[in-house]
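Chemist: Attaching a single structure in structure tokens format; questions to follow.
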Amino acid sequence: MRVEVDGEVFEVVAGEDDNPGAYHYNWISGRDPDYGFTSAFSDRRTPTMREHEDAIRDFLSKVDPETGYW
């Protein structure tokens, strides 16, 4: 699915069957569309949309605005 947070677009993909609760976030609107991060919930549950958005905001808060990378 695609999620837009604060004007930035991410493609969110569930992890493999052997890693439930893990999600890959590709930063589609960033400088490198293959760049992003992975987040995992230890209880292997499906996160809410709010939790996806919070994970993305946390990632974006750590990105250097000059380089576009964390």
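Each chain of the structure tokens is named A, B, ... in the order shown, its residues numbered from 1; ligands are numbered from 1 in display order.
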Excluding same-chain residues fewer than 2 positions from Ala22 (chain A), what lies within 6 Å of it counting only C-alpha atoms, as a list in words?
Modeler: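 Listed by chain and then number, they are Gly15, Pro20, Ser39 and Ala40 of chain A.
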Chemist: May I have the selected residues written with N, CA and C atoms, as a JSON list (two decimals), in the first residue's frame?
Modeler:
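To be explicit, this is the file written out as selection-v1.json:
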```json
[["chain", "number", "residue", "atom", "x", "y", "z"],
["A", 15, "GLY", "N", 6.39, -7.94, 5.46],
["A", 15, "GLY", "CA", 7.54, -8.83, 5.37],
["A", 15, "GLY", "C", 7.14, -10.21, 4.88],
["A", 20, "PRO", "N", 6.53, -12.50, 10.19],
["A", 20, "PRO", "CA", 5.30, -11.71, 10.37],
["A", 20, "PRO", "C", 5.54, -10.54, 11.33],
["A", 39, "SER", "N", 10.60, -1.92, 9.75],
["A", 39, "SER", "CA", 10.14, -1.86, 11.12],
["A", 39, "SER", "C", 9.46, -3.18, 11.44],
["A", 40, "ALA", "N", 9.64, -3.66, 12.66],
["A", 40, "ALA", "CA", 9.03, -4.93, 13.05],
["A", 40, "ALA", "C", 8.36, -4.81, 14.41]]
```
Chemist: Near Thr67 (chain A), counting only C-alpha atoms, which residues have an atom at most 12 Å away, once you skip same-chain residues fewer than 5 positions from it, shown as a PyMOL selection string?
Modeler: chain A and resi 30-32+62
Chemist: Take the residues that were just selected and, keeping C-alpha atoms, output them as a CSV table (one decimal), in the first residue's frame.
Modeler:
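Wrote it out as part_22.csv, contents follow:
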```
chain,number,residue,atom,x,y,z
A,30,GLY,CA,12.7,10.6,-1.6
A,31,ARG,CA,15.9,11.2,-3.6
A,32,ASP,CA,16.4,7.4,-4.0
A,62,LYS,CA,16.2,11.5,11.5
```
Chemist: Kindly indicate which residue among A:Phe59, A:Val3, A:Gly21, A:Ala14 lies nearest to Asp43 (chain A), using only C-alpha atoms for the distances.
Modeler: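 With only C-alpha atoms as the atom set, the closest residue is A:Gly21.
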Chemist: Name all residues at most 12 Å from Arg2 (chain A) (count only C-alpha atoms; drop same-chain ones fewer than 4 positions away) and give them as JSON, numbers by chain.
Modeler: {"A": [8, 9, 10, 11, 12, 13, 14, 24, 25, 26, 27, 28, 29, 49, 52, 53, 56]}
Chemist: For those residues, write C-alpha atoms to a file as a short mmCIF file (atom, residue, chain, number, x, y, z; two decimals), in the first residue's frame.
Modeler:
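See result_38.cif below for the written result:
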```cif
data_model
loop_
_atom_site.label_atom_id
_atom_site.label_comp_id
_atom_site.auth_asym_id
_atom_site.auth_seq_id
_atom_site.Cartn_x
_atom_site.Cartn_y
_atom_site.Cartn_z
CA GLU A 8 6.21 12.31 1.57
CA VAL A 9 5.07 9.08 -0.10
CA PHE A 10 6.09 5.61 1.08
CA GLU A 11 5.29 2.18 -0.27
CA VAL A 12 4.62 -0.14 2.66
CA VAL A 13 5.17 -3.85 2.08
CA ALA A 14 4.56 -6.63 4.58
CA HIS A 24 9.40 -2.48 4.64
CA TYR A 25 8.91 1.22 3.93
CA ASN A 26 10.29 2.42 0.57
CA TRP A 27 10.51 6.20 0.35
CA ILE A 28 8.99 6.70 -3.09
CA SER A 29 9.15 10.52 -3.04
CA MET A 49 -2.42 3.08 10.04
CA HIS A 52 2.63 3.10 10.18
CA GLU A 53 2.43 6.91 10.09
CA ILE A 56 7.42 7.02 9.01
#
```
Chemist: Taking the chain letters and numbering used in this document, name the residues of chain A that DSSP puts in alpha helix (DSSP H), as a list in words.
Modeler: Met49, Arg50, Glu51, His52, Glu53, Asp54, Ala55, Ile56, Arg57, Asp58, Phe59, Leu60 and Ser61 of chain A
Chemist: I need the residue nearest Tyr35 (chain A) from this list: A:Arg57, A:Tyr69, A:Thr48, A:Val5. Use only C-alpha atoms for the distance.
Modeler: A:Tyr69
